[in-house]
$ cat work_24.csv   # CSV, C-alpha atoms
chain,number,residue,atom,x,y,z
T,1,ARG,CA,0.0,0.0,0.0
T,2,GLY,CA,2.8,2.4,0.8
T,3,ALA,CA,4.5,1.7,-2.6
T,4,THR,CA,1.2,2.1,-4.4
T,5,LEU,CA,0.5,5.4,-2.7
T,6,THR,CA,4.0,6.7,-3.4
T,7,SER,CA,3.8,5.7,-7.1
T,8,VAL,CA,0.4,7.5,-7.5
T,9,LEU,CA,1.7,10.7,-5.9
T,10,PHE,CA,4.8,10.7,-8.1
T,11,ALA,CA,2.8,10.1,-11.2
T,12,ALA,CA,0.2,12.8,-10.3
T,13,PHE,CA,3.0,15.3,-9.7
T,14,ALA,CA,4.8,14.4,-13.0
T,15,ILE,CA,1.6,14.6,-15.0
T,16,SER,CA,0.5,17.9,-13.4
T,17,ASN,CA,3.8,19.6,-14.2
T,18,THR,CA,4.0,18.2,-17.7
T,19,VAL,CA,0.5,19.5,-18.5
T,20,GLN,CA,1.6,22.9,-17.3
T,21,GLY,CA,4.7,22.8,-19.5
T,22,VAL,CA,7.1,22.4,-16.6
T,23,GLY,CA,9.7,19.7,-15.9
T,24,PRO,CA,12.0,17.4,-17.9
T,25,PHE,CA,9.2,15.7,-19.7
T,26,THR,CA,8.4,18.8,-21.8
T,27,ALA,CA,11.8,18.9,-23.5
T,28,GLY,CA,10.5,17.6,-26.9
T,29,PRO,CA,7.5,17.0,-29.0
T,30,LEU,CA,4.3,15.7,-27.5
T,31,ASN,CA,5.1,12.1,-28.5
T,32,ASP,CA,8.5,12.2,-26.9
T,33,SER,CA,7.1,13.8,-23.8
T,34,LEU,CA,4.5,11.1,-23.4
T,35,ILE,CA,7.1,8.4,-23.8
T,36,LEU,CA,9.3,9.9,-21.1
T,37,LEU,CA,6.3,10.4,-18.8
T,38,VAL,CA,5.1,6.8,-19.2
T,39,CYS,CA,8.7,5.5,-18.7
T,40,PHE,CA,9.0,7.5,-15.5
T,41,THR,CA,5.7,6.3,-14.1
T,42,VAL,CA,6.5,2.7,-15.0
T,43,LEU,CA,10.0,3.0,-13.5
T,44,ILE,CA,8.7,4.4,-10.2
T,45,SER,CA,5.9,1.8,-10.0
T,46,ILE,CA,8.2,-1.2,-10.7
T,47,THR,CA,10.9,0.1,-8.4
T,48,GLY,CA,8.3,0.4,-5.6
T,49,LEU,CA,7.0,-3.1,-6.3
T,50,VAL,CA,10.5,-4.6,-6.3
T,51,LEU,CA,11.4,-2.9,-3.0
T,52,SER,CA,8.1,-4.0,-1.4
T,53,ALA,CA,8.7,-7.5,-2.5
T,54,ASP,CA,12.2,-7.4,-1.1
T,55,LEU,CA,10.9,-6.1,2.2
T,56,ALA,CA,8.1,-8.6,2.3
T,57,GLU,CA,10.5,-11.5,1.8
T,58,ARG,CA,12.8,-10.2,4.4
T,59,ASP,CA,9.9,-10.1,6.9
T,60,ASP,CA,9.5,-13.8,6.5
T,61,LEU,CA,13.1,-14.3,7.7
T,62,ARG,CA,14.2,-14.4,11.2
T,63,ASN,CA,16.4,-11.8,12.9
T,64,LEU,CA,15.4,-9.0,10.5
T,65,SER,CA,16.8,-6.4,12.8
T,66,THR,CA,20.3,-7.9,12.5
T,67,ARG,CA,20.1,-7.6,8.6
T,68,TRP,CA,18.9,-4.0,8.5
T,69,ARG,CA,22.4,-2.8,7.4
T,70,GLU,CA,22.3,-5.3,4.5
T,71,LEU,CA,18.8,-4.1,3.6
T,72,VAL,CA,19.7,-0.5,3.4
T,73,SER,CA,23.0,-1.1,1.5
T,74,SER,CA,21.2,-3.2,-1.2
T,75,TRP,CA,18.5,-0.6,-1.6
T,76,LEU,CA,21.0,2.2,-1.8
T,77,ALA,CA,23.0,0.2,-4.4
T,78,LEU,CA,19.7,-0.2,-6.5
T,79,LEU,CA,18.9,3.5,-6.2
T,80,ALA,CA,22.4,4.5,-7.1
T,81,ALA,CA,22.4,2.4,-10.2
T,82,LEU,CA,19.0,3.9,-11.2
T,83,CYS,CA,20.4,7.4,-10.6
T,84,MET,CA,23.4,6.5,-12.8
T,85,THR,CA,21.0,5.5,-15.6
T,86,VAL,CA,19.0,8.7,-15.3
T,87,ILE,CA,22.3,10.7,-15.4
T,88,ALA,CA,23.4,8.8,-18.5
T,89,TRP,CA,20.0,9.6,-20.1
T,90,HIS,CA,20.3,13.2,-19.2
T,91,LEU,CA,23.8,13.5,-20.6
T,92,MET,CA,22.7,11.8,-23.8
T,93,SER,CA,19.7,14.1,-24.1
T,94,SER,CA,21.8,17.2,-23.5
T,95,ASP,CA,24.2,16.0,-26.2
T,96,THR,CA,21.3,15.5,-28.6
T,97,GLU,CA,20.0,19.0,-27.8
T,98,GLN,CA,23.5,20.4,-28.4
T,99,ARG,CA,23.9,18.6,-31.7
T,100,ALA,CA,20.5,19.9,-32.8
T,101,ALA,CA,21.6,23.5,-31.8
T,102,ASP,CA,24.8,23.1,-33.8
T,103,GLN,CA,22.8,21.9,-36.8
T,104,PHE,CA,20.4,24.8,-36.5
T,105,TYR,CA,23.2,27.4,-36.3
T,106,ARG,CA,25.0,25.7,-39.2
T,107,ILE,CA,21.9,25.9,-41.4
T,108,THR,CA,21.3,29.6,-40.5
T,109,ALA,CA,24.9,30.5,-41.2
T,110,GLU,CA,24.8,28.7,-44.5
T,111,THR,CA,21.6,30.4,-45.5
T,112,ARG,CA,23.0,33.8,-44.6
T,113,PHE,CA,26.1,33.0,-46.7
T,114,ARG,CA,24.1,31.9,-49.6
T,115,ILE,CA,22.0,35.1,-49.6
T,116,ALA,CA,25.2,37.2,-49.4
T,117,THR,CA,26.7,35.1,-52.3
T,118,ARG,CA,23.7,35.6,-54.5
T,119,MET,CA,23.8,39.4,-53.9
T,120,ASN,CA,27.5,39.4,-54.7
T,121,ASP,CA,26.6,37.6,-57.9
T,122,ILE,CA,24.0,40.2,-58.8
T,123,ALA,CA,26.6,42.9,-58.1
T,124,ALA,CA,29.1,41.1,-60.5
T,125,ILE,CA,26.4,41.1,-63.2
T,126,LEU,CA,25.9,44.8,-62.8
T,127,GLN,CA,29.7,45.4,-63.0
T,128,GLY,CA,29.7,43.5,-66.2
T,129,ALA,CA,26.9,45.7,-67.5
T,130,GLN,CA,28.9,48.8,-66.4
T,131,GLY,CA,31.8,47.5,-68.4
T,132,LEU,CA,29.6,47.1,-71.4
T,133,PHE,CA,28.8,50.8,-71.3
T,134,ALA,CA,32.4,51.7,-70.6
T,135,ALA,CA,33.4,49.9,-73.8
T,136,SER,CA,30.9,51.6,-76.1
T,137,ARG,CA,29.8,55.1,-76.8
T,138,SER,CA,26.2,54.0,-76.6
T,139,VAL,CA,24.6,50.6,-75.9
T,140,ARG,CA,21.7,49.9,-78.2
T,141,ARG,CA,18.6,48.0,-77.0
T,142,ASP,CA,19.5,44.9,-79.0
T,143,GLU,CA,23.0,44.9,-77.5
T,144,TRP,CA,21.6,45.1,-74.0
T,145,LYS,CA,19.3,42.2,-74.8
T,146,ALA,CA,22.2,40.1,-76.1
T,147,TYR,CA,24.2,40.8,-73.0
T,148,VAL,CA,21.5,39.8,-70.5
T,149,ALA,CA,20.6,36.8,-72.6
T,150,SER,CA,24.2,35.6,-72.5
T,151,LEU,CA,23.9,35.6,-68.6
T,152,ASN,CA,21.0,33.1,-68.7
T,153,VAL,CA,19.5,35.1,-65.9
T,154,GLU,CA,16.1,33.3,-65.8
T,155,GLN,CA,17.8,29.9,-65.2
T,156,ARG,CA,20.8,30.9,-63.1
T,157,PHE,CA,19.2,33.7,-61.1
T,158,PRO,CA,15.4,33.1,-60.8
T,159,GLU,CA,15.2,35.6,-58.0
T,160,ILE,CA,16.1,38.5,-60.4
T,161,SER,CA,12.9,40.0,-62.0
T,162,TYR,CA,14.9,42.0,-64.5
T,163,ILE,CA,18.1,43.8,-65.2
T,164,GLY,CA,17.6,47.4,-66.4
T,165,PHE,CA,19.3,50.6,-67.5
T,166,ALA,CA,18.1,54.1,-66.6
T,167,PRO,CA,19.8,57.0,-68.3
T,168,ARG,CA,20.2,60.5,-66.9
T,169,VAL,CA,17.8,62.7,-68.8
T,170,GLU,CA,17.5,66.5,-68.4
T,171,THR,CA,14.0,67.8,-68.1
T,172,SER,CA,14.4,69.6,-71.4
T,173,ALA,CA,15.3,66.4,-73.2
T,174,LYS,CA,12.3,64.3,-71.9
T,175,ASP,CA,10.1,64.8,-74.9
T,176,ALA,CA,12.9,64.0,-77.3
T,177,LEU,CA,13.5,60.7,-75.5
T,178,ILE,CA,9.8,59.8,-75.5
T,179,ARG,CA,9.6,60.4,-79.3
T,180,GLU,CA,12.7,58.3,-79.9
T,181,VAL,CA,11.5,55.3,-77.9
T,182,ARG,CA,8.1,55.4,-79.4
T,183,ALA,CA,9.6,55.5,-82.9
T,184,ALA,CA,11.5,52.3,-81.9
T,185,GLY,CA,8.2,50.5,-81.5
T,186,PHE,CA,7.2,51.3,-77.9
T,187,VAL,CA,4.2,53.4,-78.8
T,188,ASP,CA,2.9,53.6,-75.2
T,189,PHE,CA,6.2,54.7,-73.7
T,190,THR,CA,6.1,57.8,-71.5
T,191,ILE,CA,8.1,59.0,-68.5
T,192,TRP,CA,6.1,58.7,-65.3
T,193,PRO,CA,5.3,59.9,-62.7
T,194,ALA,CA,5.4,63.7,-63.3
T,195,SER,CA,8.4,65.2,-61.6
T,196,GLN,CA,9.5,68.8,-60.8
T,197,LEU,CA,13.2,67.8,-60.5
T,198,PRO,CA,15.6,69.1,-63.0
T,199,GLU,CA,16.5,65.6,-64.2
T,200,VAL,CA,14.9,62.2,-64.4
T,201,PHE,CA,16.1,58.6,-64.6
T,202,PRO,CA,13.4,56.7,-66.5
T,203,VAL,CA,13.8,52.9,-67.0
T,204,LEU,CA,14.8,52.6,-70.6
T,205,TYR,CA,16.0,48.9,-71.0
T,206,VAL,CA,14.6,45.9,-69.1
T,207,GLU,CA,15.6,42.3,-69.8
T,208,PRO,CA,14.0,39.8,-69.8
T,209,ALA,CA,11.5,42.0,-71.6
T,210,SER,CA,8.3,40.1,-70.6
T,211,SER,CA,5.0,41.9,-70.7
T,212,ARG,CA,5.1,42.0,-66.9
T,213,ASN,CA,8.6,43.6,-66.8
T,214,ARG,CA,7.6,46.2,-69.5
T,215,ARG,CA,5.3,47.8,-66.9
T,216,ALA,CA,8.5,49.4,-65.5
T,217,LEU,CA,9.4,51.1,-68.7
T,218,GLY,CA,9.5,54.9,-68.4
T,219,TYR,CA,9.3,54.8,-64.6
T,220,ASP,CA,11.4,57.7,-63.1
T,221,MET,CA,13.1,55.9,-60.2
T,222,LEU,CA,14.4,59.2,-58.8
T,223,SER,CA,10.9,60.2,-57.9
T,224,GLU,CA,10.6,57.6,-55.2
T,225,PRO,CA,12.5,58.4,-51.9
T,226,VAL,CA,13.9,54.9,-51.1
T,227,ARG,CA,15.1,54.3,-54.6
T,228,ARG,CA,16.5,57.9,-54.8
T,229,ALA,CA,18.5,57.4,-51.6
T,230,ALA,CA,20.2,54.3,-53.0
T,231,MET,CA,20.9,55.9,-56.3
T,232,LEU,CA,22.5,58.9,-54.8
T,233,ARG,CA,24.7,56.7,-52.6
T,234,ALA,CA,25.7,54.7,-55.6
T,235,ARG,CA,26.5,57.8,-57.6
T,236,ASP,CA,28.7,59.3,-54.9
T,237,SER,CA,30.5,56.0,-54.0
T,238,GLY,CA,30.8,54.4,-57.4
T,239,ASP,CA,30.0,51.0,-55.8
T,240,PRO,CA,26.9,48.8,-56.0
T,241,VAL,CA,24.3,49.9,-53.5
T,242,ALA,CA,21.1,48.1,-52.6
T,243,SER,CA,17.9,50.0,-51.8
T,244,GLY,CA,15.6,49.5,-48.8
T,245,LYS,CA,12.2,47.9,-49.0
T,246,VAL,CA,10.3,48.9,-52.1
T,247,GLU,CA,7.3,47.8,-54.1
T,248,LEU,CA,8.4,46.8,-57.6
T,249,VAL,CA,6.4,48.6,-60.2
T,250,GLN,CA,5.9,45.5,-62.3
T,251,ASN,CA,3.9,43.8,-59.5
T,252,VAL,CA,0.3,43.2,-60.3
T,253,VAL,CA,-2.4,44.6,-58.0
T,254,GLU,CA,-2.9,41.5,-55.9
T,255,GLU,CA,0.8,41.0,-55.1
T,256,THR,CA,2.2,42.3,-51.8
T,257,GLN,CA,5.7,40.9,-52.1
T,258,ALA,CA,8.4,43.3,-51.1
T,259,GLY,CA,11.3,43.9,-53.4
T,260,THR,CA,14.6,45.6,-53.5
T,261,LEU,CA,17.0,47.0,-56.2
T,262,MET,CA,20.7,47.2,-56.6
T,263,TYR,CA,22.2,50.1,-58.4
T,264,LEU,CA,25.6,50.7,-60.0
T,265,PRO,CA,26.3,54.0,-61.6
T,266,VAL,CA,27.4,54.4,-65.2
T,267,TYR,CA,29.7,57.4,-65.9
T,268,ARG,CA,30.5,59.1,-69.2
T,269,ASN,CA,33.4,57.6,-71.0
T,270,ASP,CA,35.0,61.0,-71.5
T,271,ALA,CA,34.7,62.0,-67.9
T,272,LEU,CA,36.9,61.3,-64.9
T,273,HIS,CA,35.2,60.0,-61.7
T,274,THR,CA,38.0,59.9,-59.2
T,275,THR,CA,36.5,62.5,-56.9
T,276,LEU,CA,33.0,63.0,-55.5
T,277,LEU,CA,32.4,66.1,-57.6
T,278,LEU,CA,33.6,64.4,-60.8
T,279,ARG,CA,31.4,61.4,-60.1
T,280,ARG,CA,28.3,63.6,-59.7
T,281,ALA,CA,29.1,65.6,-62.8
T,282,GLY,CA,30.0,62.6,-65.0
T,283,LEU,CA,27.0,60.4,-64.1
T,284,SER,CA,25.2,59.2,-67.3
T,285,GLY,CA,22.8,56.7,-65.8
T,286,TYR,CA,22.5,53.5,-63.8
T,287,VAL,CA,22.4,49.8,-64.4
T,288,PHE,CA,20.4,48.0,-61.8
T,289,GLY,CA,18.8,44.7,-60.9
T,290,ALA,CA,15.3,44.3,-59.5
T,291,PHE,CA,14.3,41.2,-57.5
T,292,ARG,CA,11.7,40.1,-55.0
T,293,ILE,CA,13.0,39.1,-51.6
T,294,ALA,CA,10.7,36.1,-51.4
T,295,ASP,CA,12.3,34.6,-54.5
T,296,LEU,CA,15.8,35.3,-53.1
T,297,VAL,CA,15.1,33.6,-49.8
T,298,GLN,CA,13.3,30.6,-51.4
T,299,VAL,CA,16.2,30.0,-53.7
T,300,THR,CA,18.7,30.1,-50.9
T,301,ILE,CA,16.8,28.2,-48.2
T,302,GLY,CA,16.2,25.1,-50.4
T,303,ASP,CA,15.3,21.9,-48.5
T,304,ASN,CA,15.2,23.6,-45.1
T,305,ALA,CA,12.0,25.6,-46.0
T,306,SER,CA,9.7,23.3,-44.0
T,307,SER,CA,11.9,23.3,-40.8
T,308,LEU,CA,13.2,26.8,-40.7
T,309,ARG,CA,11.4,30.2,-40.6
T,310,VAL,CA,13.4,33.0,-42.2
T,311,GLU,CA,12.4,36.7,-41.6
T,312,VAL,CA,14.1,39.5,-43.4
T,313,PHE,CA,14.1,43.0,-41.9
T,314,ASP,CA,15.1,46.2,-43.5
T,315,GLY,CA,17.9,47.8,-41.4
T,316,ALA,CA,19.5,46.8,-38.2
T,317,SER,CA,16.4,46.2,-36.1
T,318,THR,CA,13.8,43.4,-35.9
T,319,ASP,CA,10.8,45.6,-35.4
T,320,THR,CA,7.6,44.5,-37.0
T,321,ALA,CA,7.5,47.7,-39.1
T,322,ALA,CA,10.8,46.8,-40.7
T,323,LEU,CA,9.7,43.3,-41.7
T,324,MET,CA,10.1,42.8,-45.5
T,325,TYR,CA,9.5,39.1,-45.8
T,326,THR,CA,8.8,35.9,-43.8
T,327,SER,CA,8.9,32.4,-45.1
T,328,ASP,CA,6.2,31.3,-42.8
T,329,PRO,CA,3.5,33.9,-42.0
T,330,SER,CA,1.7,31.6,-39.5
T,331,PRO,CA,2.7,32.1,-35.8
T,332,VAL,CA,5.7,30.1,-34.8
T,333,SER,CA,4.8,27.1,-32.7
T,334,ARG,CA,6.7,26.8,-29.5
T,335,THR,CA,9.6,24.4,-29.7
T,336,HIS,CA,11.5,22.9,-26.8
T,337,LEU,CA,14.9,23.3,-28.3
T,338,ALA,CA,17.6,25.5,-26.8
T,339,MET,CA,17.6,27.9,-29.9
T,340,PRO,CA,14.2,29.3,-30.4
T,341,GLU,CA,15.5,32.0,-32.8
T,342,THR,CA,18.7,33.9,-33.8
T,343,ALA,CA,19.2,37.1,-35.7
T,344,LEU,CA,22.2,37.7,-38.0
T,345,PRO,CA,23.1,41.0,-39.7
T,346,ILE,CA,24.0,41.0,-43.4
T,347,GLU,CA,25.3,43.8,-45.6
T,348,MET,CA,23.7,43.9,-49.0
T,349,GLY,CA,25.5,46.4,-51.2
T,350,LYS,CA,26.2,49.0,-48.5
T,351,HIS,CA,22.7,48.4,-47.1
T,352,GLN,CA,22.1,46.3,-44.0
T,353,TRP,CA,19.4,43.7,-43.5
T,354,MET,CA,18.7,41.7,-40.5
T,355,LEU,CA,17.9,38.0,-40.9
T,356,ARG,CA,16.0,36.3,-38.1
T,357,PHE,CA,15.8,32.5,-38.1
T,358,SER,CA,13.4,30.4,-36.0
T,359,ALA,CA,13.2,26.6,-35.7
T,360,LEU,CA,9.8,25.2,-36.7
T,361,PRO,CA,8.3,22.1,-35.2
T,362,GLU,CA,9.4,20.1,-38.3
T,363,PHE,CA,13.0,20.8,-37.3
T,364,GLU,CA,12.4,19.5,-33.8
T,365,HIS,CA,10.9,16.3,-35.2
T,366,MET,CA,14.2,15.6,-37.0
T,367,VAL,CA,16.0,15.5,-33.6
T,368,ASP,CA,16.8,11.9,-32.7
T,369,ARG,CA,15.8,11.5,-29.0
T,370,GLN,CA,15.2,7.7,-29.3
T,371,LYS,CA,18.7,6.8,-28.3
T,372,ALA,CA,18.4,8.7,-25.0
T,373,GLN,CA,15.0,7.1,-24.3
T,374,LEU,CA,16.5,3.7,-25.1
T,375,VAL,CA,19.3,4.2,-22.6
T,376,LEU,CA,16.8,5.1,-19.9
T,377,ILE,CA,14.4,2.3,-20.6
T,378,THR,CA,16.8,-0.6,-21.1
T,379,GLY,CA,19.2,0.6,-18.3
T,380,ALA,CA,16.3,0.7,-15.8
T,381,VAL,CA,14.9,-2.6,-16.9
T,382,ILE,CA,18.3,-4.4,-16.7
T,383,ILE,CA,19.1,-2.9,-13.3
T,384,LEU,CA,15.7,-4.0,-11.9
T,385,LEU,CA,16.0,-7.5,-13.3
T,386,LEU,CA,19.5,-7.9,-11.9
T,387,PHE,CA,18.5,-6.7,-8.5
T,388,THR,CA,15.5,-9.0,-8.5
T,389,LEU,CA,17.7,-11.9,-9.6
T,390,MET,CA,20.3,-11.3,-7.0
T,391,ARG,CA,17.8,-10.9,-4.2
T,392,SER,CA,16.1,-14.1,-5.3
T,393,LEU,CA,19.3,-16.0,-5.2
T,394,ALA,CA,20.1,-14.5,-1.8
T,395,PHE,CA,16.7,-15.4,-0.4
T,396,THR,CA,17.0,-18.9,-1.8
T,397,THR,CA,20.4,-19.3,-0.1
T,398,GLU,CA,19.1,-18.0,3.2
T,399,ASN,CA,16.0,-20.2,3.1
T,400,ALA,CA,18.1,-23.2,2.3
T,401,LEU,CA,20.5,-22.5,5.2
T,402,GLY,CA,17.5,-21.9,7.5
T,403,LEU,CA,16.0,-25.2,6.5
T,404,ALA,CA,19.3,-27.1,6.9
T,405,ASN,CA,19.8,-25.7,10.4
T,406,GLN,CA,16.2,-26.7,11.3
T,407,MET,CA,16.8,-30.2,10.0
T,408,THR,CA,20.1,-30.4,11.9
T,409,ALA,CA,18.4,-29.3,15.1
T,410,GLU,CA,15.6,-31.9,14.7

$ encode --input "work_24.csv" --output "structure tokens"
Amino acid sequence: RGATLTSVLFAAFAISNTVQGVGPFTAGPLNDSLILLVCFTVLISITGLVLSADLAERDDLRNLSTRWRELVSSWLALLAALCMTVIAWHLMSSDTEQRAADQFYRITAETRFRIATRMNDIAAILQGAQGLFAASRSVRRDEWKAYVASLNVEQRFPEISYIGFAPRVETSAKDALIREVRAAGFVDFTIWPASQLPEVFPVLYVEPASSRNRRALGYDMLSEPVRRAAMLRARDSGDPVASGKVELVQNVVEETQAGTLMYLPVYRNDALHTTLLLRRAGLSGYVFGAFRIADLVQVTIGDNASSLRVEVFDGASTDTAALMYTSDPSPVSRTHLAMPETALPIEMGKHQWMLRFSALPEFEHMVDRQKAQLVLITGAVIILLLFTLMRSLAFTTENALGLANQMTAE
């Protein structure tokens, strides 16, 4: 009765804490938690039964008081062995958690590296386009198309919506440019939106020239503050510069995907651009790449999409207002791993993003906890069986000796 009551109390305490999310049995998915809880309850119950049986058999022997030291020592040995098993289980569980954490951080670091690599590749493409303009007095539309086609952008860089060129156009030359482009077959071409600035930078070339991408033709990128800030920084530095979060003009109405652009200035061939003033005076336009952040992340995250949540923030903070993209818009389910999320900064063409990674339940399901459970179950069962066997042999010997002494006396 005492062993039964103790087992019930221990089981009730363990179940109550597990339901409330407290204790060692919550360190894992529901299935693993239930397995550990059942193992603990069974272990406590069987241990109580074994000790009760041991005490009951000793009560049948004479001179129990003289064997109390042996009784305590054997029970302590049993409990010590069980404690060693639990410690081994805990160490193996901790090692499993650490391995999972190492895998998580490795995946996040690889994803960050892949995103940075893709952005560097885009910058290299723009530098090649810059060289194309540097090698020619004027790049015709067909030459631009041939250059972009040679890059096989649609296959190698599916995250890139298009690669474009925007010339520097004085306000007085806007009408002449519109007539020239319309005469080349783009009868609907116009420079938009209306601007009061002394110069405009309308999108003149876009490749691949799909009907979707052609929506961007004529768009004055200098008219939008986020784009303008990136363009001015690129002009002054001469380096590739990524913009902040923007809505790409070729998006259809129902799309809400955030995008970004990377700009690289093109200077006149007859002008020096070794100083800030010379770069500003010699600017003739920009080559740029436009891409959606969702496509960029999906290309880089690969097979880890179902187990990892990636959030991209514009700037150095992870405030909700700065969120540009999330790979999993649903609320993140609580995981029991030691790395719920991690944030890594990344510089994208002189513009900083913050990447935040969270482990989804699918990632936790890949963690192998069965080895630790196997150690706990098999270790406890073997120890209890050995204890029962040894006590059975000891009782058999004592009973035989007692019977022999009785027969001798008779």

$ residues_around --input "work_24.csv" --residues "Cys39 of chain T" --least-positions-apart "3" --cutoff "9 Å" --atoms "all atoms listed in the file" --output "PyMOL selection string"
chain T and resi 34-36+42-44+373+376-377

$ write_last_selection --input "work_24.csv" --atoms "C-alpha atoms" --output "short mmCIF file (atom, residue, chain, number, x, y, z; two decimals), in the frame of the given file"
data_model
loop_
_atom_site.label_atom_id
_atom_site.label_comp_id
_atom_site.auth_asym_id
_atom_site.auth_seq_id
_atom_site.Cartn_x
_atom_site.Cartn_y
_atom_site.Cartn_z
CA LEU T 34 4.50 11.10 -23.40
CA ILE T 35 7.10 8.40 -23.80
CA LEU T 36 9.30 9.90 -21.10
CA VAL T 42 6.50 2.70 -15.00
CA LEU T 43 10.00 3.00 -13.50
CA ILE T 44 8.70 4.40 -10.20
CA GLN T 373 15.00 7.10 -24.30
CA LEU T 376 16.80 5.10 -19.90
CA ILE T 377 14.40 2.30 -20.60
#

$ residues_around --input "work_24.csv" --residues "Leu51 of chain T" --least-positions-apart "3" --cutoff "12 Å" --atoms "only C-alpha atoms" --output "ChimeraX atom specification"
/T:2-4,44-48,54-58,71-72,74-76,78-79,384,387-388,391

$ residues_around --input "work_24.csv" --residues "Tyr105 of chain T" --least-positions-apart "4" --cutoff "9 Å" --atoms "only C-alpha atoms" --output "compact mmCIF listing (two decimals) with C-alpha atoms, in the coordinates of the input"
# COMPACT_ATOMS: atom_id res chain seq x y z
CA ALA T 100 20.50 19.90 -32.80
CA ALA T 101 21.60 23.50 -31.80
CA ALA T 109 24.90 30.50 -41.20
CA GLU T 110 24.80 28.70 -44.50
CA MET T 339 17.60 27.90 -29.90
CA THR T 342 18.70 33.90 -33.80

$ atom_distance --input "work_24.csv" --atom1 "atom CA of Leu401 of chain T" --atom2 "atom CA of Leu386 of chain T"
22.5 Å

$ atom_distance --input "work_24.csv" --atom1 "atom CA of Val86 of chain T" --atom2 "atom CA of Met366 of chain T"
23.3 Å

$ closest_residue --input "work_24.csv" --among "T:Leu308, T:Leu91, T:Leu385, T:Leu344" --to "Leu360 of chain T" --atoms "all atoms listed in the file"
T:Leu308
